[in-house]
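Just below is one structure, and these are the notes that go with it.
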Amino acid sequence: MIGLQDLWVALALGVFFFGAKKLPELSRSVGQAMMEFKKGLAAGGPEEPGTPKELRATDERTNVN
C-alpha cells in the first residue's frame, strides 16, 4: 500500500523532473485521457464473434494451396 511518505517523494520527484508549472498541465491531460478511455470502454460494448461456420469459410477462401 502507498503511504503518505511515498506520495510526498513522488510529488517531489514530479516537481524535480517536470517543474512546478508543468505538473497541473500534466495531471489535467492524464485526467482527460482517463475520461476518454472510460467513455470508449462504455460506448464500445462487447463484440460478437462470428460463428465457427463463418470462420471456416473465411479460412478456406484465404487459404492458398
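Ordered as shown in the C-alpha cells, chains take letters A, B, and onward, while each chain numbers its residues from 1 and ligands are numbered from 1 in the order shown.
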
inquiry  = Which residues are close to Leu23 (chain A), i.e. within 12 Å by only C-alpha atoms, leaving aside same-chain residues fewer than 4 positions away? Reply as number ranges by chain.
reply    = A: 10-19, 27-30
